[in-house]
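The structure file structure_4.csv is reproduced below (CSV, C-alpha atoms and all ligand atoms).
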```
chain,number,residue,atom,x,y,z
A,1,MET,CA,-9.8,-0.4,30.8
A,2,SER,CA,-7.5,-3.2,31.8
A,3,ASP,CA,-3.8,-3.7,32.2
A,4,ASP,CA,-1.5,-5.4,29.7
A,5,ALA,CA,-2.8,-3.7,26.5
A,6,ARG,CA,-0.6,-4.4,23.5
A,7,ASP,CA,-0.3,-3.6,19.9
A,8,VAL,CA,-3.8,-4.1,18.5
A,9,PRO,CA,-4.8,-3.6,14.9
A,10,SER,CA,-7.3,-0.8,14.6
A,11,PRO,CA,-10.8,-1.7,13.2
A,12,THR,CA,-10.0,-0.2,9.8
A,13,SER,CA,-6.9,-2.4,9.3
A,14,ALA,CA,-9.2,-5.4,9.2
A,15,THR,CA,-9.2,-6.4,5.5
A,16,ALA,CA,-9.8,-9.5,3.6
A,17,SER,CA,-9.0,-12.8,5.3
A,18,PRO,CA,-6.2,-14.9,3.7
A,19,ALA,CA,-8.7,-17.2,1.9
A,20,GLU,CA,-10.0,-14.2,-0.1
A,21,ALA,CA,-6.5,-13.4,-1.3
A,22,GLY,CA,-6.4,-16.4,-3.7
A,23,GLY,CA,-4.5,-19.6,-3.2
A,24,GLN,CA,-7.5,-21.7,-4.2
A,25,PRO,CA,-7.3,-24.6,-6.7
A,26,GLU,CA,-9.4,-24.8,-9.9
A,27,PRO,CA,-12.5,-27.0,-9.4
A,28,ARG,CA,-12.3,-30.2,-11.5
A,29,PRO,CA,-13.2,-33.9,-11.1
A,30,ALA,CA,-9.8,-34.8,-9.8
A,31,LEU,CA,-10.1,-32.2,-7.1
A,32,GLU,CA,-13.5,-33.5,-6.0
A,33,GLN,CA,-12.0,-37.0,-5.8
A,34,LEU,CA,-9.2,-35.6,-3.6
A,35,TYR,CA,-11.7,-34.0,-1.3
A,36,ARG,CA,-13.7,-37.2,-1.1
A,37,GLY,CA,-10.5,-38.9,-0.1
A,38,PHE,CA,-10.0,-36.3,2.6
A,39,THR,CA,-13.5,-36.9,4.0
A,40,ASP,CA,-13.1,-40.7,3.9
A,41,GLU,CA,-9.9,-40.4,5.9
A,42,GLN,CA,-11.1,-37.8,8.4
A,43,LEU,CA,-9.0,-35.1,7.0
A,44,VAL,CA,-9.7,-31.4,6.4
A,45,PRO,CA,-7.5,-29.1,4.3
A,46,LEU,CA,-6.5,-25.8,5.8
A,47,TRP,CA,-7.0,-23.8,2.6
A,48,THR,CA,-10.8,-24.1,2.6
A,49,GLU,CA,-11.1,-23.2,6.3
A,50,ILE,CA,-8.4,-20.6,6.8
A,51,GLY,CA,-10.8,-17.6,6.9
A,52,ASN,CA,-12.8,-19.2,9.7
A,53,LEU,CA,-9.9,-20.7,11.6
A,54,MET,CA,-7.5,-17.7,11.4
A,55,PRO,CA,-9.6,-14.5,11.1
A,56,MET,CA,-7.9,-11.1,11.1
A,57,GLN,CA,-9.5,-10.6,14.5
A,58,PRO,CA,-11.8,-12.6,16.8
A,59,THR,CA,-15.1,-13.6,15.2
A,60,PRO,CA,-16.8,-15.5,18.0
A,61,VAL,CA,-20.1,-17.3,17.4
A,62,THR,CA,-21.2,-16.1,20.9
A,63,GLN,CA,-23.9,-13.5,20.5
A,64,PRO,CA,-24.5,-10.4,22.6
A,65,HIS,CA,-27.6,-11.2,24.6
A,66,MET,CA,-29.8,-9.8,27.4
A,67,TRP,CA,-31.8,-11.9,29.8
A,68,ARG,CA,-34.5,-10.1,31.8
A,69,TRP,CA,-34.7,-10.8,35.6
A,70,GLN,CA,-38.4,-10.2,35.4
A,71,HIS,CA,-38.6,-13.2,33.0
A,72,LEU,CA,-36.0,-15.4,34.8
A,73,LEU,CA,-37.5,-15.1,38.3
A,74,PRO,CA,-41.1,-16.4,37.6
A,75,LEU,CA,-39.6,-19.3,35.7
A,76,ALA,CA,-37.3,-20.1,38.6
A,77,GLU,CA,-40.3,-19.9,40.9
A,78,ARG,CA,-42.3,-22.3,38.8
A,79,ALA,CA,-39.3,-24.7,38.8
A,80,GLY,CA,-39.5,-24.3,42.6
A,81,ASP,CA,-43.0,-25.7,42.5
A,82,LEU,CA,-42.4,-28.5,40.0
A,83,VAL,CA,-38.8,-29.7,40.4
A,84,PRO,CA,-37.4,-31.2,43.6
A,85,VAL,CA,-33.8,-30.5,44.6
A,86,GLY,CA,-31.8,-33.5,45.9
A,87,ARG,CA,-29.1,-36.0,45.2
A,88,GLY,CA,-28.7,-36.7,41.5
A,89,GLY,CA,-30.0,-33.4,40.0
A,90,GLU,CA,-27.9,-31.7,42.7
A,91,ARG,CA,-29.1,-28.1,42.1
A,92,ARG,CA,-32.2,-26.2,40.9
A,93,ALA,CA,-30.1,-24.1,38.6
A,94,ILE,CA,-31.3,-22.8,35.2
A,95,ALA,CA,-28.5,-21.9,32.8
A,96,LEU,CA,-28.5,-18.9,30.5
A,97,ALA,CA,-27.9,-20.4,27.1
A,98,ASN,CA,-26.3,-18.1,24.5
A,99,PRO,CA,-28.3,-18.1,21.3
A,100,GLY,CA,-25.0,-18.4,19.3
A,101,LEU,CA,-23.9,-21.6,21.0
A,102,GLY,CA,-26.3,-24.1,19.3
A,103,GLY,CA,-28.4,-24.8,22.4
A,104,ALA,CA,-25.5,-25.6,24.8
A,105,PRO,CA,-26.3,-24.4,28.3
A,106,TYR,CA,-23.4,-21.9,28.2
A,107,ALA,CA,-23.5,-18.1,28.4
A,108,THR,CA,-20.2,-18.0,26.6
A,109,PRO,CA,-17.6,-20.6,25.3
A,110,THR,CA,-16.0,-20.5,28.8
A,111,LEU,CA,-18.6,-19.2,31.2
A,112,TRP,CA,-21.7,-20.7,32.9
A,113,ALA,CA,-24.2,-18.4,34.3
A,114,ALA,CA,-27.4,-19.7,36.0
A,115,ILE,CA,-30.2,-18.6,38.2
A,116,GLN,CA,-30.4,-20.9,41.2
A,117,TYR,CA,-33.5,-21.2,43.4
A,118,LEU,CA,-34.2,-22.7,46.8
A,119,ASN,CA,-37.6,-22.8,48.5
A,120,PRO,CA,-38.1,-22.0,52.2
A,121,ARG,CA,-36.4,-24.7,54.5
A,122,GLU,CA,-35.0,-26.5,51.4
A,123,SER,CA,-31.4,-27.6,51.0
A,124,ALA,CA,-29.1,-28.7,48.2
A,125,PRO,CA,-26.8,-31.6,48.9
A,126,GLU,CA,-23.0,-31.3,49.3
A,127,HIS,CA,-20.7,-32.1,46.5
A,128,ARG,CA,-17.4,-31.0,45.0
A,129,HIS,CA,-16.0,-30.6,41.5
A,130,SER,CA,-13.0,-29.3,39.7
A,131,GLN,CA,-15.1,-26.4,38.2
A,132,ASN,CA,-14.6,-23.1,40.0
A,133,ALA,CA,-17.8,-21.4,41.2
A,134,PHE,CA,-19.2,-18.3,42.8
A,135,ARG,CA,-22.6,-16.9,43.8
A,136,PHE,CA,-23.7,-13.3,43.4
A,137,VAL,CA,-26.9,-12.1,45.2
A,138,VAL,CA,-29.0,-9.4,43.5
A,139,GLU,CA,-31.9,-9.8,46.0
A,140,GLY,CA,-33.0,-11.7,49.1
A,141,GLU,CA,-31.3,-13.5,51.9
A,142,GLY,CA,-31.8,-16.5,54.1
A,143,VAL,CA,-29.6,-19.1,52.4
A,144,TRP,CA,-26.3,-20.2,53.9
A,145,THR,CA,-23.8,-21.9,51.6
A,146,VAL,CA,-21.6,-24.3,53.5
A,147,VAL,CA,-18.1,-24.4,52.0
A,148,ASP,CA,-15.8,-27.2,53.4
A,149,GLY,CA,-17.9,-27.2,56.5
A,150,ASP,CA,-18.0,-23.4,56.9
A,151,PRO,CA,-21.5,-21.9,56.8
A,152,VAL,CA,-21.5,-18.6,54.8
A,153,ALA,CA,-24.5,-16.3,54.8
A,154,MET,CA,-25.8,-15.0,51.4
A,155,ARG,CA,-27.3,-11.5,51.3
A,156,ARG,CA,-28.0,-8.9,48.7
A,157,GLY,CA,-24.8,-7.5,47.1
A,158,ASP,CA,-22.5,-10.3,48.5
A,159,PHE,CA,-20.1,-12.1,46.2
A,160,LEU,CA,-19.4,-15.7,47.5
A,161,LEU,CA,-16.7,-18.1,46.4
A,162,THR,CA,-16.7,-21.9,45.9
A,163,PRO,CA,-13.3,-22.5,44.4
A,164,GLY,CA,-12.7,-25.9,42.6
A,165,TRP,CA,-12.6,-29.1,44.7
A,166,HIS,CA,-14.2,-27.5,47.8
A,167,PHE,CA,-17.2,-29.3,49.2
A,168,HIS,CA,-20.3,-27.2,49.1
A,169,GLY,CA,-24.1,-27.4,49.8
A,170,HIS,CA,-26.7,-24.7,50.2
A,171,HIS,CA,-29.6,-24.5,52.7
A,172,ASN,CA,-32.4,-22.1,53.1
A,173,VAL,CA,-33.1,-21.5,56.8
A,174,SER,CA,-35.8,-18.8,56.2
A,175,ASP,CA,-39.5,-18.8,55.4
A,176,ALA,CA,-38.9,-17.0,52.0
A,177,PRO,CA,-37.5,-18.5,48.8
A,178,MET,CA,-34.2,-17.2,47.5
A,179,ALA,CA,-32.8,-16.9,44.0
A,180,TRP,CA,-29.3,-15.9,43.0
A,181,LEU,CA,-26.8,-15.9,40.2
A,182,ASP,CA,-24.2,-18.7,39.8
A,183,GLY,CA,-21.1,-18.3,37.8
A,184,LEU,CA,-18.8,-21.2,36.9
A,185,ASP,CA,-16.2,-22.2,34.4
A,186,ILE,CA,-18.2,-25.3,33.4
A,187,PRO,CA,-17.8,-24.8,29.6
A,188,PHE,CA,-14.1,-24.3,29.8
A,189,VAL,CA,-13.7,-27.4,32.0
A,190,HIS,CA,-15.9,-29.4,29.7
A,191,TYR,CA,-14.1,-28.5,26.4
A,192,THR,CA,-10.7,-29.1,28.0
A,193,GLY,CA,-11.7,-32.5,29.4
A,194,SER,CA,-10.7,-31.6,33.0
A,195,ALA,CA,-13.9,-32.2,34.9
A,196,PHE,CA,-13.9,-34.3,38.1
A,197,PHE,CA,-16.9,-34.6,40.5
A,198,GLU,CA,-17.5,-36.2,43.9
A,199,PHE,CA,-20.6,-36.5,46.0
A,200,GLY,CA,-20.6,-35.4,49.7
A,201,PRO,CA,-23.2,-35.8,52.4
A,202,GLU,CA,-26.9,-35.5,51.3
A,203,GLN,CA,-27.5,-33.1,54.2
A,204,VAL,CA,-25.4,-30.0,54.7
A,205,SER,CA,-22.7,-30.8,57.2
A,206,ASP,CA,-23.2,-27.7,59.5
A,207,THR,CA,-26.6,-26.2,59.8
A,208,SER,CA,-25.6,-23.3,62.1
A,209,THR,CA,-26.2,-19.8,60.8
A,210,PRO,CA,-23.4,-17.5,61.9
A,211,ALA,CA,-23.4,-13.9,60.5
A,212,ARG,CA,-19.8,-14.3,59.6
A,213,SER,CA,-18.0,-17.4,58.3
A,214,ARG,CA,-14.8,-18.7,59.7
A,215,ALA,CA,-13.1,-17.8,56.4
A,216,GLU,CA,-14.1,-14.2,56.8
A,217,ARG,CA,-13.0,-14.0,60.4
A,218,LEU,CA,-9.6,-15.3,59.4
A,219,TRP,CA,-9.1,-13.5,56.1
A,220,ALA,CA,-11.4,-10.5,55.6
A,221,HIS,CA,-9.7,-7.8,57.4
A,222,PRO,CA,-8.4,-5.0,55.0
A,223,GLY,CA,-4.6,-5.4,54.3
A,224,LEU,CA,-4.1,-8.0,57.0
A,225,ARG,CA,-3.4,-11.7,56.7
A,226,PRO,CA,-2.8,-14.3,59.4
A,227,VAL,CA,0.9,-14.9,59.9
A,228,SER,CA,0.2,-18.6,60.3
A,229,ARG,CA,-1.0,-18.7,56.6
A,230,SER,CA,1.7,-16.8,54.7
A,231,GLN,CA,1.8,-19.0,51.5
A,232,ARG,CA,0.2,-18.1,48.2
A,233,GLU,CA,-3.2,-19.8,47.7
A,234,THR,CA,-4.5,-20.9,44.3
A,235,SER,CA,-7.9,-19.3,45.0
A,236,SER,CA,-8.9,-16.6,47.4
A,237,PRO,CA,-9.6,-17.9,50.9
A,238,ILE,CA,-12.2,-15.1,51.4
A,239,ALA,CA,-15.5,-17.0,51.2
A,240,ALA,CA,-17.7,-13.9,51.1
A,241,TYR,CA,-17.0,-10.4,49.8
A,242,ARG,CA,-19.6,-8.4,51.7
A,243,TRP,CA,-21.7,-5.6,50.0
A,244,GLU,CA,-20.9,-3.1,52.7
A,245,TYR,CA,-17.2,-3.1,51.8
A,246,THR,CA,-17.8,-3.2,48.0
A,247,ASP,CA,-20.3,-0.3,48.3
A,248,ALA,CA,-17.9,1.7,50.5
A,249,ALA,CA,-15.0,1.2,48.1
A,250,LEU,CA,-17.0,2.4,45.1
A,251,ALA,CA,-18.5,5.4,47.0
A,252,ASP,CA,-15.0,6.4,48.2
A,253,GLN,CA,-13.6,6.4,44.6
A,254,LEU,CA,-16.3,8.8,43.5
A,255,VAL,CA,-15.8,11.1,46.5
A,256,LEU,CA,-12.0,11.1,45.8
A,257,GLU,CA,-12.9,12.0,42.2
A,258,ASP,CA,-14.9,14.9,43.5
A,259,GLU,CA,-11.9,16.0,45.5
A,260,GLY,CA,-9.6,15.8,42.5
A,261,HIS,CA,-7.7,12.7,43.4
A,262,PRO,CA,-7.2,9.7,41.1
A,263,GLY,CA,-8.9,6.3,41.5
A,264,VAL,CA,-11.7,6.0,39.0
A,265,VAL,CA,-11.4,4.1,35.8
A,266,GLU,CA,-12.6,7.1,33.8
A,267,PRO,CA,-14.7,10.2,34.7
A,268,GLY,CA,-17.8,9.1,36.6
A,269,HIS,CA,-16.9,5.4,36.5
A,270,ALA,CA,-15.7,3.7,39.7
A,271,ALA,CA,-14.7,0.0,39.7
A,272,VAL,CA,-13.2,-2.6,42.0
A,273,ARG,CA,-11.9,-6.1,41.3
A,274,PHE,CA,-12.4,-8.8,43.8
A,275,SER,CA,-9.0,-10.1,44.6
A,276,ASN,CA,-7.1,-13.0,46.2
A,277,PRO,CA,-5.4,-11.5,49.2
A,278,THR,CA,-2.6,-14.0,49.1
A,279,THR,CA,-1.5,-13.1,45.6
A,280,GLY,CA,-3.2,-9.8,44.8
A,281,GLY,CA,-4.5,-11.5,41.6
A,282,ASP,CA,-7.9,-12.8,40.6
A,283,VAL,CA,-10.2,-14.7,43.0
A,284,MET,CA,-10.0,-18.0,41.1
A,285,PRO,CA,-7.7,-19.4,38.4
A,286,THR,CA,-10.2,-19.0,35.6
A,287,LEU,CA,-12.6,-16.3,36.8
A,288,ARG,CA,-12.3,-12.6,37.3
A,289,ALA,CA,-15.0,-10.7,39.1
A,290,GLU,CA,-15.6,-6.9,39.4
A,291,PHE,CA,-18.1,-4.4,40.5
A,292,HIS,CA,-18.7,-1.2,38.5
A,293,ARG,CA,-20.6,2.0,39.5
A,294,LEU,CA,-21.5,4.8,37.0
A,295,ARG,CA,-22.6,8.2,38.2
A,296,ARG,CA,-25.8,9.6,36.8
A,297,ASP,CA,-25.5,10.4,33.0
A,298,THR,CA,-22.0,8.8,32.7
A,299,VAL,CA,-21.3,7.2,29.3
A,300,THR,CA,-18.2,4.9,29.3
A,301,ALA,CA,-15.6,4.9,26.5
A,302,SER,CA,-16.2,2.1,24.0
A,303,SER,CA,-13.9,-0.8,24.8
A,304,ARG,CA,-13.3,-4.4,23.7
A,305,GLU,CA,-11.1,-7.2,24.9
A,306,VAL,CA,-10.2,-10.8,24.3
A,307,GLY,CA,-12.3,-13.1,26.4
A,308,SER,CA,-16.0,-13.0,27.3
A,309,SER,CA,-17.9,-11.4,30.1
A,310,VAL,CA,-21.3,-11.7,31.9
A,311,TRP,CA,-22.7,-8.6,33.6
A,312,GLN,CA,-25.7,-8.2,36.0
A,313,VAL,CA,-27.3,-4.9,36.8
A,314,PHE,CA,-27.4,-4.6,40.6
A,315,ASP,CA,-29.1,-1.3,40.9
A,316,GLY,CA,-30.2,1.6,38.8
A,317,ARG,CA,-31.0,1.8,35.1
A,318,GLY,CA,-29.1,2.4,32.0
A,319,THR,CA,-28.4,1.6,28.4
A,320,VAL,CA,-26.1,-1.2,27.2
A,321,ARG,CA,-24.5,-1.2,23.8
A,322,ILE,CA,-22.7,-4.3,22.6
A,323,GLY,CA,-21.4,-4.2,19.1
A,324,ASP,CA,-24.4,-2.9,17.1
A,325,ARG,CA,-27.0,-4.1,19.6
A,326,GLU,CA,-28.5,-1.9,22.2
A,327,TRP,CA,-30.8,-2.5,25.2
A,328,SER,CA,-32.0,-0.6,28.2
A,329,ALA,CA,-31.4,-2.5,31.4
A,330,GLU,CA,-32.5,-2.5,35.0
A,331,ARG,CA,-32.1,-4.3,38.3
A,332,GLY,CA,-31.3,-8.0,37.8
A,333,ASP,CA,-30.9,-8.0,34.0
A,334,ILE,CA,-28.0,-10.1,32.8
A,335,PHE,CA,-26.1,-9.6,29.6
A,336,VAL,CA,-23.2,-11.2,27.7
A,337,VAL,CA,-20.3,-9.5,26.0
A,338,PRO,CA,-18.6,-11.8,23.5
A,339,SER,CA,-14.9,-11.7,22.9
A,340,TRP,CA,-13.7,-8.6,21.1
A,341,ALA,CA,-17.2,-7.1,21.0
A,342,SER,CA,-17.3,-3.4,21.8
A,343,LEU,CA,-19.1,-2.4,25.0
A,344,VAL,CA,-20.5,1.0,25.9
A,345,LEU,CA,-22.5,1.5,29.2
A,346,ALA,CA,-24.6,4.6,29.9
A,347,ALA,CA,-26.2,5.4,33.2
A,348,ASP,CA,-29.6,7.0,33.7
A,349,ASP,CA,-29.9,7.8,37.4
A,350,GLY,CA,-26.7,6.0,38.3
A,351,LEU,CA,-25.9,2.4,37.6
A,352,ASP,CA,-24.3,-0.4,39.7
A,353,LEU,CA,-23.2,-3.5,37.9
A,354,PHE,CA,-21.6,-6.8,38.8
A,355,ARG,CA,-19.3,-8.4,36.2
A,356,PHE,CA,-17.4,-11.7,35.7
A,357,CYS,CA,-15.2,-12.8,32.9
A,358,ASP,CA,-12.6,-15.4,31.8
A,359,THR,CA,-9.7,-12.9,31.5
A,360,PRO,CA,-7.3,-14.8,33.9
A,361,ILE,CA,-7.1,-17.6,31.3
A,362,PHE,CA,-6.0,-15.3,28.6
A,363,GLU,CA,-3.7,-13.3,30.7
A,364,ARG,CA,-1.9,-16.4,31.8
A,365,LEU,CA,-1.6,-17.5,28.2
A,366,HIS,CA,-0.3,-14.0,27.2
A,367,ALA,CA,-3.2,-13.9,24.7
A,368,HIS,CA,-5.1,-11.0,26.3
A,369,ARG,CA,-5.6,-7.8,24.3
A,370,VAL,CA,-7.6,-4.7,25.2
A,371,GLN,CA,-8.6,-1.8,23.0
A,372,VAL,CA,-10.2,1.3,24.5
A,373,GLU,CA,-11.5,4.0,22.1
A,374,GLY,CA,-9.8,7.3,22.6
A,375,ALA,CA,-7.2,5.9,24.8
A,376,HIS,CA,-3.5,6.3,23.8
A,377,ARG,CA,-1.9,2.9,24.3
B,401,LIG,O1,-24.4,-24.6,43.4
B,401,LIG,O2,-23.0,-26.2,43.4
B,401,LIG,O3,-25.3,-23.4,38.7
B,401,LIG,O4,-22.5,-27.4,41.1
B,401,LIG,C1,-24.0,-25.3,38.5
B,401,LIG,C2,-23.3,-26.3,39.1
B,401,LIG,C3,-24.5,-24.4,40.6
B,401,LIG,C4,-23.7,-25.4,42.8
B,401,LIG,C5,-24.6,-24.4,39.3
B,401,LIG,C6,-23.2,-26.4,40.5
B,401,LIG,C7,-23.8,-25.4,41.3
B,402,FE2,FE,-21.5,-27.3,42.8
```

What would you get if you wrote out this structure as structure tokens?
Amino acid sequence: MSDDARDVPSPTSATASPAEAGGQPEPRPALEQLYRGFTDEQLVPLWTEIGNLMPMQPTPVTQPHMWRWQHLLPLAERAGDLVPVGRGGERRAIALANPGLGGAPYATPTLWAAIQYLNPRESAPEHRHSQNAFRFVVEGEGVWTVVDGDPVAMRRGDFLLTPGWHFHGHHNVSDAPMAWLDGLDIPFVHYTGSAFFEFGPEQVSDTSTPARSRAERLWAHPGLRPVSRSQRETSSPIAAYRWEYTDAALADQLVLEDEGHPGVVEPGHAAVRFSNPTTGGDVMPTLRAEFHRLRRDTVTASSREVGSSVWQVFDGRGTVRIGDREWSAERGDIFVVPSWASLVLAADDGLDLFRFCDTPIFERLHAHRVQVEGAHR
């Protein structure tokens, strides 16, 4: 499914972990005394932990999980009634908390996913942080996110970037509320002790509502970049990847497939990756984002990879199988695929899905592995 596949042990080669192969001391009072000494001195021996610390293959505590849009939205609406948005709290965002992560507000060990909600005419103050962020819009419109003073319209199907350390605030100029999906690398930044934050103005700095942002006018022309800006940028300068282009790219892949030309990932499965036009790589240093389209009745090959993903159904209906769990899913539903868990997607009438993941981290560390069932790699 992805590039850079390497030698991967097959599932059947997973045998006992080293701890089960012996190498354990006889229990006796002297040993207990030794272990108490370890505890007193803040020490832990490897030999009792090795099976957990160095498994034959990833054994993440992250669980496969499905959140229903039909359950998320009414709760976000209720938060809209009860919870103000302003300086201090910063955002009316409700995080999807993975049941395997002990109550932490994290979808996976690296990824934050939240539903954010703004009432009509409401605005969220400007700030900036080292965490990378994006928005994905499954329904609605009327909010502009202002990124470093550039107002960017948010509409259904759009994928919008707020790379680390860019000031951003959101304001709803319409008479309807709006909810959307936020994705950030908050857990990764938290665990690695690399978080910085700065307040900006309490009111968004530019309340104009252009259909296209300055960033799009400068950067979002296919295959063209301004000669004045020829250097590589850490994150994509395209503030908004518009649905009309994503949709057309996916539709074209499937038409090309009908015509017998290559382009799809596998039969009936079109996919695009959002990319940084200055590098050809991922949109932000820690986050990859993609859009997938399955034709009616398509079933994907089972695949798994190092790193975790969050998916949101954009349109259609289908079945999602993660490890030994299975769910049906429809518009707005959000699910998590833990590291090295197998994933199979099956479309009913056709299925459109947005996906984001932490793969850029593992690729840069040369720790990424992919295994696709039936593929010869
Ligand atoms: O919109 O700026 O879900 O800073 C979490 C942290 C959204 C945001 C979140 C944030 C934001
Ligand atoms: Fe933010």

Kindly assemble as a tab-separated table a list of the chain A residues that lie within 9 Å of ligand FE2 402 (chain B), each paired with its nearest atom pair and their distance in Å to one decimal, using only C-alpha atoms and all ligand atoms, sorted first by chain and then by ascending residue number.
```
residue	atom	partner	partner_atom	distance
A:Glu90	CA	B:FE2_402	FE	7.8
A:Arg91	CA	B:FE2_402	FE	7.7
A:Glu126	CA	B:FE2_402	FE	7.8
A:His127	CA	B:FE2_402	FE	6.1
A:Arg128	CA	B:FE2_402	FE	5.9
A:His129	CA	B:FE2_402	FE	6.5
A:Gln131	CA	B:FE2_402	FE	7.9
A:Asn132	CA	B:FE2_402	FE	8.5
A:Ala133	CA	B:FE2_402	FE	7.1
A:Thr162	CA	B:FE2_402	FE	7.9
A:Gly164	CA	B:FE2_402	FE	8.9
A:His166	CA	B:FE2_402	FE	8.9
A:Phe167	CA	B:FE2_402	FE	8.0
A:His168	CA	B:FE2_402	FE	6.4
A:Gly169	CA	B:FE2_402	FE	7.5
A:Leu184	CA	B:FE2_402	FE	8.9
A:Phe197	CA	B:FE2_402	FE	8.9
```

| message | List as a PyMOL selection string the residues having at least one atom at most 9 Å from position (-30.4, -20.1, 41.5) as given in the file, counting only C-alpha atoms. | response | chain A and resi 76+91-94+114-118+135+178-182

| task | Excluding region 274-286 of chain A and any residue of its chain fewer than 3 positions from it, enumerate the residues within 10 Å of it, using all atoms listed in the file, and give them as a PyMOL selection string. | result | chain A and resi 110-111+131-134+159+161-164+184-185+188-189+219-225+229-238+241+246+271+289-291+356-364

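With all atoms listed in the file as the basis for measurement, A:Ala107 is the residue among A:Ala107, A:Leu53, A:Leu351, A:Ala30 that approaches ligand LIG 401 (chain B) most closely.
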
| message | Using all atoms listed in the file, which protein or nucleic acid residues come within 9 Å of Val337 (chain A)? Drop anything in the same chain fewer than 6 positions from it, and give the result as a count of residues only. | response | 14

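When all atoms listed in the file are used to compute distances to ligand LIG 401 (chain B), the closest of the residues A:Ser174, A:Gln33, A:Ser208, A:Ser123 turns out to be A:Ser123.
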
| query | Of the residues A:Gly318, A:Pro105, A:Gly260, A:Pro151, which is the one nearest to ligand LIG 401 (chain B), using only C-alpha atoms and all ligand atoms? | reply |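 Checking each candidate against ligand LIG 401 (chain B), we get A:Pro105 as the closest.
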
| What is the CA of Val306 (chain A) to CA of Arg369 (chain A) distance in Å? |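 One can read the CA of Val306 (chain A) to CA of Arg369 (chain A) distance as 5.5 Å.
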
List every protein, DNA or RNA residue that has at least one atom no more than 10 Å from (-24.8, -18.1, 60.9) in the file's coordinates, counting all atoms listed in the file, and write the result as an mmCIF file with C-alpha atoms, in the coordinates of the input.
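Produced file point_16.cif, reproduced below:
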```
data_model
loop_
_atom_site.group_PDB
_atom_site.id
_atom_site.type_symbol
_atom_site.label_atom_id
_atom_site.label_comp_id
_atom_site.auth_asym_id
_atom_site.auth_seq_id
_atom_site.Cartn_x
_atom_site.Cartn_y
_atom_site.Cartn_z
ATOM 1 C CA GLY A 142 -31.800 -16.500 54.100
ATOM 2 C CA VAL A 143 -29.600 -19.100 52.400
ATOM 3 C CA TRP A 144 -26.300 -20.200 53.900
ATOM 4 C CA ASP A 150 -18.000 -23.400 56.900
ATOM 5 C CA PRO A 151 -21.500 -21.900 56.800
ATOM 6 C CA VAL A 152 -21.500 -18.600 54.800
ATOM 7 C CA ALA A 153 -24.500 -16.300 54.800
ATOM 8 C CA VAL A 173 -33.100 -21.500 56.800
ATOM 9 C CA ASP A 206 -23.200 -27.700 59.500
ATOM 10 C CA THR A 207 -26.600 -26.200 59.800
ATOM 11 C CA SER A 208 -25.600 -23.300 62.100
ATOM 12 C CA THR A 209 -26.200 -19.800 60.800
ATOM 13 C CA PRO A 210 -23.400 -17.500 61.900
ATOM 14 C CA ALA A 211 -23.400 -13.900 60.500
ATOM 15 C CA ARG A 212 -19.800 -14.300 59.600
ATOM 16 C CA SER A 213 -18.000 -17.400 58.300
#
```

| said: Rounded to one decimal, what separation in Å do you get between CA of Ala97 (chain A) and CA of Val320 (chain A)? | reply: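 Separation between CA of Ala97 (chain A) and CA of Val320 (chain A): 19.3 Å.
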
| Which is closest to ligand LIG 401 (chain B) among A:Val255, A:Ala113, A:Val344, A:Leu250, if we use all atoms listed in the file? |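 Answer, going by the shortest atom-to-atom distance: A:Ala113.
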